[in-house]
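**Student:** The structure's right below; bear with me while I get my questions together.
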Amino acid sequence: MQELTTDDDSILLCSDCFEDEGLRIDAYKIGLESSEECPKCKSKGGQKLTKELIRGLAWRFFVSGTTIRCEYGAAPVVQTNEHHYGKSDIRPSLWLESDVKLIEGAAKIGFFHYGPRLWMCSGIVNLAT
């Protein structure tokens, strides 16, 4: 029986690929140190990112970064997953548009408006009154 191999460990992007400084800094923090040339931007100096690291960057910057924290809970405004790949429905700031497309293409994920749902941010609601 032949084992299926994936390219999840291959370098897809690097921290220098991003235009937004915050994304660039986060990518640098979580990226892998390597003197290899980035397949996207050809930089040798940026920290390199695999598919899983790019997904982690998307979660850290967009999901965690848009989380609304309330007295009784919290919920992200933006969420991402592979089922929304090619169907993103968020409208990022102009300076983030190209970075969002870069992440979507490399990680094969889509971004979507998630909420928050009222129950995620409020206490028990008394509907009887």
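Residue numbers start at 1 in each chain; chains themselves are named A, B, ... in the order of the structure tokens; ligands are numbered from 1 in the order shown.
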Would you please extract all helix (DSSP H, G or I) residues from segment 11-120 of chain A, as assigned by DSSP on the backbone, and give them as a PyMOL selection string?
**Tutor:** chain A and resi 15-17+21-30+51-66+82-84+94-107+118-120
**Student:** Measuring between only C-alpha atoms, which one of A:Tyr28, A:Thr66, A:Ala58, A:Ser10 shows the shortest distance to Val100 of chain A?
**Tutor:**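 Among the listed residues, the smallest separation from Val100 of chain A belongs to A:Ala58.
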**Student:** Quick one: everything within 9 Å of Val78 of chain A, counting only C-alpha atoms, minus sequence neighbours fewer than 3 positions away in the same chain. Send it as a VMD selection string.
**Tutor:** chain A and resid 62 to 67 90 111 to 116
**Student:** Can those selected residues be exported to a file as a tab-separated table (two decimals), in the first residue's frame so that it contains N, CA, C and O atoms?
**Tutor:**
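Heads up, here's the output in selection_4.tsv:
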```
chain	number	residue	atom	x	y	z
A	62	PHE	N	-6.77	37.60	11.99
A	62	PHE	CA	-8.14	37.95	11.62
A	62	PHE	C	-9.18	37.44	12.61
A	62	PHE	O	-10.08	38.18	12.99
A	63	VAL	N	-9.10	36.19	13.01
A	63	VAL	CA	-10.11	35.64	13.92
A	63	VAL	C	-9.88	36.17	15.33
A	63	VAL	O	-10.76	36.81	15.91
A	64	SER	N	-8.72	35.93	15.87
A	64	SER	CA	-8.43	36.40	17.21
A	64	SER	C	-8.42	37.93	17.27
A	64	SER	O	-8.88	38.53	18.25
A	65	GLY	N	-7.94	38.55	16.21
A	65	GLY	CA	-7.85	40.02	16.16
A	65	GLY	C	-9.19	40.72	16.07
A	65	GLY	O	-9.28	41.91	16.36
A	66	THR	N	-10.24	40.02	15.65
A	66	THR	CA	-11.57	40.64	15.57
A	66	THR	C	-12.51	40.16	16.67
A	66	THR	O	-13.70	40.44	16.63
A	67	THR	N	-11.97	39.45	17.63
A	67	THR	CA	-12.81	38.92	18.71
A	67	THR	C	-13.31	40.06	19.59
A	67	THR	O	-12.53	40.89	20.04
A	90	ILE	N	-15.91	38.82	3.30
A	90	ILE	CA	-15.54	39.97	4.11
A	90	ILE	C	-15.03	41.09	3.20
A	90	ILE	O	-14.61	40.83	2.07
A	111	PHE	N	-12.52	33.59	4.02
A	111	PHE	CA	-12.89	34.37	5.19
A	111	PHE	C	-14.38	34.70	5.10
A	111	PHE	O	-14.89	34.97	4.02
A	112	PHE	N	-15.06	34.69	6.25
A	112	PHE	CA	-16.47	35.04	6.24
A	112	PHE	C	-16.86	35.73	7.54
A	112	PHE	O	-16.22	35.57	8.58
A	113	HIS	N	-17.92	36.53	7.45
A	113	HIS	CA	-18.46	37.23	8.61
A	113	HIS	C	-19.12	36.20	9.50
A	113	HIS	O	-19.93	35.40	9.06
A	114	TYR	N	-18.77	36.22	10.77
A	114	TYR	CA	-19.20	35.16	11.67
A	114	TYR	C	-20.21	35.61	12.72
A	114	TYR	O	-20.99	34.82	13.20
A	115	GLY	N	-20.15	36.84	13.12
A	115	GLY	CA	-21.09	37.19	14.19
A	115	GLY	C	-20.70	38.49	14.85
A	115	GLY	O	-20.30	39.40	14.16
A	116	PRO	N	-20.78	38.60	16.10
A	116	PRO	CA	-21.01	37.53	17.06
A	116	PRO	C	-22.50	37.23	17.24
A	116	PRO	O	-23.35	38.07	17.02
```
**Student:** Got a sec: who's within 8 Å of Ala107 of chain A, counting only C-alpha atoms, leaving out chain neighbours fewer than 6 positions off, as a PyMOL selection string?
**Tutor:** chain A and resi 51-52+54-55
**Student:** List the spatial neighbours of Glu82 of chain A as a ChimeraX atom specification - criterion: any atom at most 8 Å away, only C-alpha atoms, same-chain residues fewer than 2 positions off excluded.
**Tutor:** /A:80,84-85,108-110
**Student:** Filtering to N, CA and C atoms, could you give me those residues as an mmCIF file, in the first residue's frame?
**Tutor:**
```cif
data_model
loop_
_atom_site.group_PDB
_atom_site.id
_atom_site.type_symbol
_atom_site.label_atom_id
_atom_site.label_comp_id
_atom_site.auth_asym_id
_atom_site.auth_seq_id
_atom_site.Cartn_x
_atom_site.Cartn_y
_atom_site.Cartn_z
ATOM 1 N N THR A 80 -12.660 31.767 9.482
ATOM 2 C CA THR A 80 -12.085 31.235 8.251
ATOM 3 C C THR A 80 -12.130 29.716 8.260
ATOM 4 N N HIS A 84 -15.116 27.731 2.802
ATOM 5 C CA HIS A 84 -15.384 29.042 2.208
ATOM 6 C C HIS A 84 -14.305 29.464 1.205
ATOM 7 N N TYR A 85 -13.410 28.537 0.871
ATOM 8 C CA TYR A 85 -12.353 28.851 -0.099
ATOM 9 C C TYR A 85 -12.988 29.276 -1.431
ATOM 10 N N LYS A 108 -5.594 27.941 1.012
ATOM 11 C CA LYS A 108 -6.839 27.336 0.480
ATOM 12 C C LYS A 108 -7.979 27.455 1.484
ATOM 13 N N ILE A 109 -8.162 28.689 1.994
ATOM 14 C CA ILE A 109 -9.227 28.979 2.947
ATOM 15 C C ILE A 109 -9.979 30.219 2.480
ATOM 16 N N GLY A 110 -11.154 30.421 3.048
ATOM 17 C CA GLY A 110 -11.935 31.615 2.789
ATOM 18 C C GLY A 110 -12.302 32.285 4.093
#
```
**Student:** With DSSP run on the backbone, what are the strand (DSSP E or B) residues within chain A? I'd like them as a PyMOL selection string.
**Tutor:** chain A and resi 13-14+32+48-49+67-70+73-76+78-81+110-113
**Student:** How many Å separate atom CA of Glu71 of chain A from atom CA of Leu57 of chain A?
**Tutor:**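 One can read the atom CA of Glu71 of chain A to atom CA of Leu57 of chain A distance as 27.0 Å.
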**Student:** Which of these residues is nearest to Phe18 of chain A, using only C-alpha atoms: A:Leu32, A:Ser43, A:Tyr72, A:Gly56?
**Tutor:**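 Under the stated criterion, the closest residue is A:Ser43.
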**Student:** Residues within 10 Å of Asp26 of chain A, please, as a PyMOL selection string. Count only C-alpha atoms; anything in the same chain fewer than 4 positions from it doesn't count.
**Tutor:** chain A and resi 15+21-22+30-31+57-58+60-61
**Student:** Output all heavy atoms of each residue in that selection to a file, as a short mmCIF file (atom, residue, chain, number, x, y, z; two decimals), in the first residue's frame.
**Tutor:**
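And here is the file that came out, again-v2.cif:
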```
data_model
loop_
_atom_site.label_atom_id
_atom_site.label_comp_id
_atom_site.auth_asym_id
_atom_site.auth_seq_id
_atom_site.Cartn_x
_atom_site.Cartn_y
_atom_site.Cartn_z
N SER A 15 7.44 36.05 5.39
CA SER A 15 6.97 37.27 6.05
C SER A 15 7.12 38.49 5.16
O SER A 15 6.34 39.45 5.28
CB SER A 15 7.71 37.47 7.37
OG SER A 15 9.11 37.50 7.17
N GLU A 21 2.06 45.86 7.73
CA GLU A 21 3.17 45.71 8.67
C GLU A 21 2.82 44.77 9.82
O GLU A 21 3.64 43.97 10.25
CB GLU A 21 3.58 47.07 9.24
CG GLU A 21 4.80 46.99 10.11
CD GLU A 21 5.29 48.34 10.58
OE1 GLU A 21 4.75 49.37 10.16
OE2 GLU A 21 6.25 48.35 11.37
N GLY A 22 1.58 44.82 10.31
CA GLY A 22 1.18 43.93 11.39
C GLY A 22 1.22 42.47 10.97
O GLY A 22 1.71 41.61 11.71
N ILE A 30 6.08 33.85 13.73
CA ILE A 30 5.71 32.43 13.71
C ILE A 30 6.41 31.65 12.60
O ILE A 30 6.36 30.43 12.58
CB ILE A 30 4.18 32.23 13.57
CG1 ILE A 30 3.68 32.70 12.22
CG2 ILE A 30 3.44 32.90 14.71
CD1 ILE A 30 2.27 32.26 11.90
N GLY A 31 7.09 32.35 11.70
CA GLY A 31 7.72 31.70 10.55
C GLY A 31 8.96 30.91 10.90
O GLY A 31 9.50 30.99 12.00
N LEU A 57 -1.53 31.98 11.05
CA LEU A 57 -1.42 33.43 10.92
C LEU A 57 -2.79 34.04 10.66
O LEU A 57 -3.14 35.06 11.26
CB LEU A 57 -0.46 33.78 9.78
CG LEU A 57 -0.29 35.26 9.46
CD1 LEU A 57 0.37 36.00 10.63
CD2 LEU A 57 0.55 35.43 8.19
N ALA A 58 -3.59 33.43 9.80
CA ALA A 58 -4.94 33.92 9.51
C ALA A 58 -5.80 33.90 10.77
O ALA A 58 -6.53 34.86 11.05
CB ALA A 58 -5.59 33.07 8.41
N ARG A 60 -4.71 33.93 13.93
CA ARG A 60 -4.16 34.87 14.90
C ARG A 60 -4.51 36.31 14.56
O ARG A 60 -4.92 37.09 15.41
CB ARG A 60 -2.65 34.67 14.93
CG ARG A 60 -1.90 35.58 15.84
CD ARG A 60 -0.42 35.25 15.78
NE ARG A 60 0.36 36.27 16.44
CZ ARG A 60 1.42 36.03 17.17
NH1 ARG A 60 1.83 34.81 17.33
NH2 ARG A 60 2.08 37.01 17.73
N PHE A 61 -4.37 36.68 13.29
CA PHE A 61 -4.53 38.08 12.89
C PHE A 61 -6.00 38.44 12.69
O PHE A 61 -6.45 39.49 13.14
CB PHE A 61 -3.75 38.35 11.61
CG PHE A 61 -3.60 39.81 11.29
CD1 PHE A 61 -2.61 40.57 11.88
CD2 PHE A 61 -4.47 40.42 10.39
CE1 PHE A 61 -2.47 41.92 11.58
CE2 PHE A 61 -4.33 41.76 10.08
CZ PHE A 61 -3.33 42.51 10.68
#
```
**Student:** Work out how far atom CA of Glu19 of chain A is from atom CA of Leu96 of chain A, in Å to one decimal.
**Tutor:** 7.6 Å
